[in-house]
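Trainee: Just passing along the structure, written as structure tokens.
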Amino acid sequence: MKSQALIFLGAPGAGKGTQAREVSKEFGIPQISTGDILREAVKKGTPLGLAAKVKMEAGQLVPDEIVCGVVEERIGEPDCMSGFILDGFPRTIPQAQFVDRALENKGRGKPLVINIAVEQDVLLKRLTGRRTCSACGEIYNIYFNPPKAEAVCDKDGAKLLQRADDNEETIRQRLVAYDSQTRPLIDYYRQKNLLHDVEGNRDPEPIARDLIRFLKSA
Ligand code: AMP
């Protein structure tokens, strides 16, 4: 894998987080999820969390300046020296332009962008059925990938939680935000010849296998 920066693009529920986790393990590079960073800040009640909370609960995007600041700081940390995965960032054209500048300034070349394409009805089931382990972050789905015991993680027995924004109304808003603000990034990166499409209407395992094979050859 030549490129140092991987970007995972896709609608909410496309499987960005699940796939980024596998790729992170395989290549030993950190997964940077802006959603996870923001949720953690909301939980702790930090100034960042307070600024992001209302937008997140409404299913809207957090302002570019705030999210770009978070990413700028995170990618400057030592564990990002030999590469990183951006999961859920960029989500707007200004954010993508910010990444371009940041990579150029650091002399890190162009990103490789993975676009995970999933049909709308599958997205809805993935989002409404999603449950996350409160301890290790493992992701389950009550329809497609249920835990062995109800609401409990197979790996560590911790409680599974549903994300606050995985309710029907907020999901609808998040999909609207995706269509209007994030979908244009597909063309943005395709025109630059940086985009690799992945068929996302499948189980996570075959997707991860294909993706890792592709990245090893890229
Ligand atoms: P995610 O976990 O990626 O689905 O993100 C959850 C929520 O965090 C989104 O609905 C947004 O409110 C916010 N968020 C995450 N990443 C970004 C981003 N790159 N730009 C703006 N808002 C974001």
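Starting from 1 in every chain, residues are counted up; chains themselves are A, B, ... following the order of the structure tokens, and ligands are numbered from 1 as listed.
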Extract the full set of alpha helix (DSSP H) residues from region 95-128 of chain A according to DSSP on the backbone, and format it as a VMD selection string.

Mentor: chain A and resid 95 to 105 120 to 128

Trainee: Env of Glu199 (chain A): 12 Å cut, atoms = only C-alpha atoms, seq-sep filter 5 positions within chain, self excluded. Answer as an mmCIF file with C-alpha atoms, in the first residue's frame.

Mentor:
data_model
loop_
_atom_site.group_PDB
_atom_site.id
_atom_site.type_symbol
_atom_site.label_atom_id
_atom_site.label_comp_id
_atom_site.auth_asym_id
_atom_site.auth_seq_id
_atom_site.Cartn_x
_atom_site.Cartn_y
_atom_site.Cartn_z
ATOM 1 C CA GLY A 10 -19.966 6.067 2.313
ATOM 2 C CA ALA A 14 -22.404 1.696 4.762
ATOM 3 C CA GLY A 15 -19.926 -0.114 7.003
ATOM 4 C CA ILE A 114 -12.492 3.825 -0.615
ATOM 5 C CA ASN A 115 -16.144 4.369 -1.505
ATOM 6 C CA ILE A 116 -18.459 1.784 0.060
ATOM 7 C CA ALA A 117 -21.719 1.784 -1.905
ATOM 8 C CA VAL A 118 -24.853 0.389 -0.226
ATOM 9 C CA GLU A 119 -28.544 0.507 -1.212
ATOM 10 C CA PRO A 204 -18.689 -7.648 6.323
ATOM 11 C CA PRO A 206 -16.129 -10.826 2.119
ATOM 12 C CA ILE A 207 -15.982 -7.025 1.870
ATOM 13 C CA ALA A 208 -12.996 -6.909 4.246
ATOM 14 C CA ASP A 210 -11.624 -7.985 -1.020
ATOM 15 C CA LEU A 211 -10.629 -4.648 0.447
#

Trainee: Would you mind listing the residues within 6 Å of ligand 1, counting only C-alpha atoms and all ligand atoms, as a list in words?

Mentor: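 Result of the 6 Å neighbour search around ligand 1: Pro12, Thr34, Gly35, Asp36, Lys55, Met56, Gly59, Gln60, Leu61, Val62, Pro63, Val67, Gly88, Phe89, Pro90, Arg91 and Arg174 of chain A.
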
Trainee: Taking only C-alpha atoms into account, name the residue in A:Pro111, A:Arg21, A:Arg39, A:Ile75 that is nearest to Asn193 (chain A).

Mentor: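 The answer is A:Pro111, which sits nearest to Asn193 (chain A).
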
Trainee: If we count only C-alpha atoms and set the cut-off at 9 Å, which residues sit around Ile186 (chain A), ignoring sequence neighbours fewer than 4 positions away in its own chain? Please answer as an NGL selection string.

Mentor: :A and (9-10 or 115 or 182 or 190-191 or 195)

Trainee: Extract, using only C-alpha atoms, all DNA, RNA and protein residues at most 12 Å from Phe214 (chain A), discarding same-chain residues fewer than 2 positions from it, and format them as JSON, numbers by chain.

Mentor: {"A": [1, 2, 23, 112, 114, 196, 197, 198, 207, 208, 209, 210, 211, 212, 216, 217, 218]}

Trainee: Measure the distance from CA of Cys68 (chain A) to CA of Val99 (chain A) in Å and round it to one decimal.

Mentor: 8.4 Å

Trainee: For Lys159 (chain A), list every protein, DNA or RNA residue within 10 Å, evaluated using only C-alpha atoms, and leave out those in the same chain fewer than 6 positions away; present the list as a list in words.

Mentor: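 With the cut-off at 10 Å, the set is Arg131, Thr132, Cys133, Ser134, Ala135, Glu150, Ala151, Val152 and Cys153 of chain A.
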
Trainee: Those selected residues, please, written with N, CA and C atoms and delivered as a PDB file, in the first residue's frame.

Mentor:
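Result file again_4.pdb:
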ATOM      1  N   ARG A 131     -25.998  -2.178  17.063  1.00  0.00           N
ATOM      2  CA  ARG A 131     -25.732  -2.121  18.505  1.00  0.00           C
ATOM      3  C   ARG A 131     -24.210  -2.167  18.673  1.00  0.00           C
ATOM      4  N   THR A 132     -23.679  -1.385  19.625  1.00  0.00           N
ATOM      5  CA  THR A 132     -22.229  -1.290  19.807  1.00  0.00           C
ATOM      6  C   THR A 132     -21.861  -1.683  21.231  1.00  0.00           C
ATOM      7  N   CYS A 133     -20.788  -2.437  21.381  1.00  0.00           N
ATOM      8  CA  CYS A 133     -20.347  -2.838  22.724  1.00  0.00           C
ATOM      9  C   CYS A 133     -19.851  -1.608  23.494  1.00  0.00           C
ATOM     10  N   SER A 134     -20.365  -1.451  24.704  1.00  0.00           N
ATOM     11  CA  SER A 134     -20.009  -0.281  25.512  1.00  0.00           C
ATOM     12  C   SER A 134     -18.560  -0.348  25.986  1.00  0.00           C
ATOM     13  N   ALA A 135     -17.946  -1.551  25.943  1.00  0.00           N
ATOM     14  CA  ALA A 135     -16.560  -1.666  26.421  1.00  0.00           C
ATOM     15  C   ALA A 135     -15.560  -1.685  25.262  1.00  0.00           C
ATOM     16  N   GLU A 150     -28.706 -11.913  24.068  1.00  0.00           N
ATOM     17  CA  GLU A 150     -29.311 -10.629  23.729  1.00  0.00           C
ATOM     18  C   GLU A 150     -28.659  -9.447  24.464  1.00  0.00           C
ATOM     19  N   ALA A 151     -28.302  -8.428  23.701  1.00  0.00           N
ATOM     20  CA  ALA A 151     -27.797  -7.150  24.245  1.00  0.00           C
ATOM     21  C   ALA A 151     -26.485  -7.256  25.020  1.00  0.00           C
ATOM     22  N   VAL A 152     -25.724  -8.355  24.761  1.00  0.00           N
ATOM     23  CA  VAL A 152     -24.460  -8.550  25.478  1.00  0.00           C
ATOM     24  C   VAL A 152     -23.362  -8.900  24.460  1.00  0.00           C
ATOM     25  N   CYS A 153     -22.181  -8.292  24.640  1.00  0.00           N
ATOM     26  CA  CYS A 153     -21.082  -8.534  23.694  1.00  0.00           C
ATOM     27  C   CYS A 153     -20.541  -9.959  23.828  1.00  0.00           C
TER      28      CYS A 153
END

Trainee: Identify, on the basis of only C-alpha atoms, every residue whose closest approach to Asn145 (chain A) does not exceed 10 Å; exclude the query and any residue fewer than 4 positions from it along the same chain; express the result as a list in words.

Mentor: Arg126, Gly129, Arg130, Arg131, Ile139, Tyr140, Asn141, Asp203 and Pro204 of chain A

Trainee: Could you give me, as a PyMOL selection string, the residues within 12 Å of Leu103 (chain A), counting only C-alpha atoms and dropping anything in the same chain fewer than 4 positions from it?

Mentor: chain A and resi 3-6+71-72+75-76+80-81+83-84+96-99+107-112

Trainee: What gap, in Å, lies between CA of Asn105 (chain A) and CA of Lys25 (chain A)?

Mentor: 27.3 Å

Trainee: Mind the document's chain letters and residue numbers, and return as a count of residues only the residues of region 78-128 of chain A that DSSP labels strand (DSSP E or B).

Mentor: 10

Trainee: Name the closest residue to Arg183 (chain A) among the candidates A:Gln162, A:Thr170, A:Ser24, A:Thr92; distances are taken between atoms, counting only C-alpha atoms.

Mentor: A:Thr92

Trainee: What is the CA of Leu38 (chain A) to CA of Leu215 (chain A) distance in Å?

Mentor: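 Here the two named atoms are 28.0 Å from each other.
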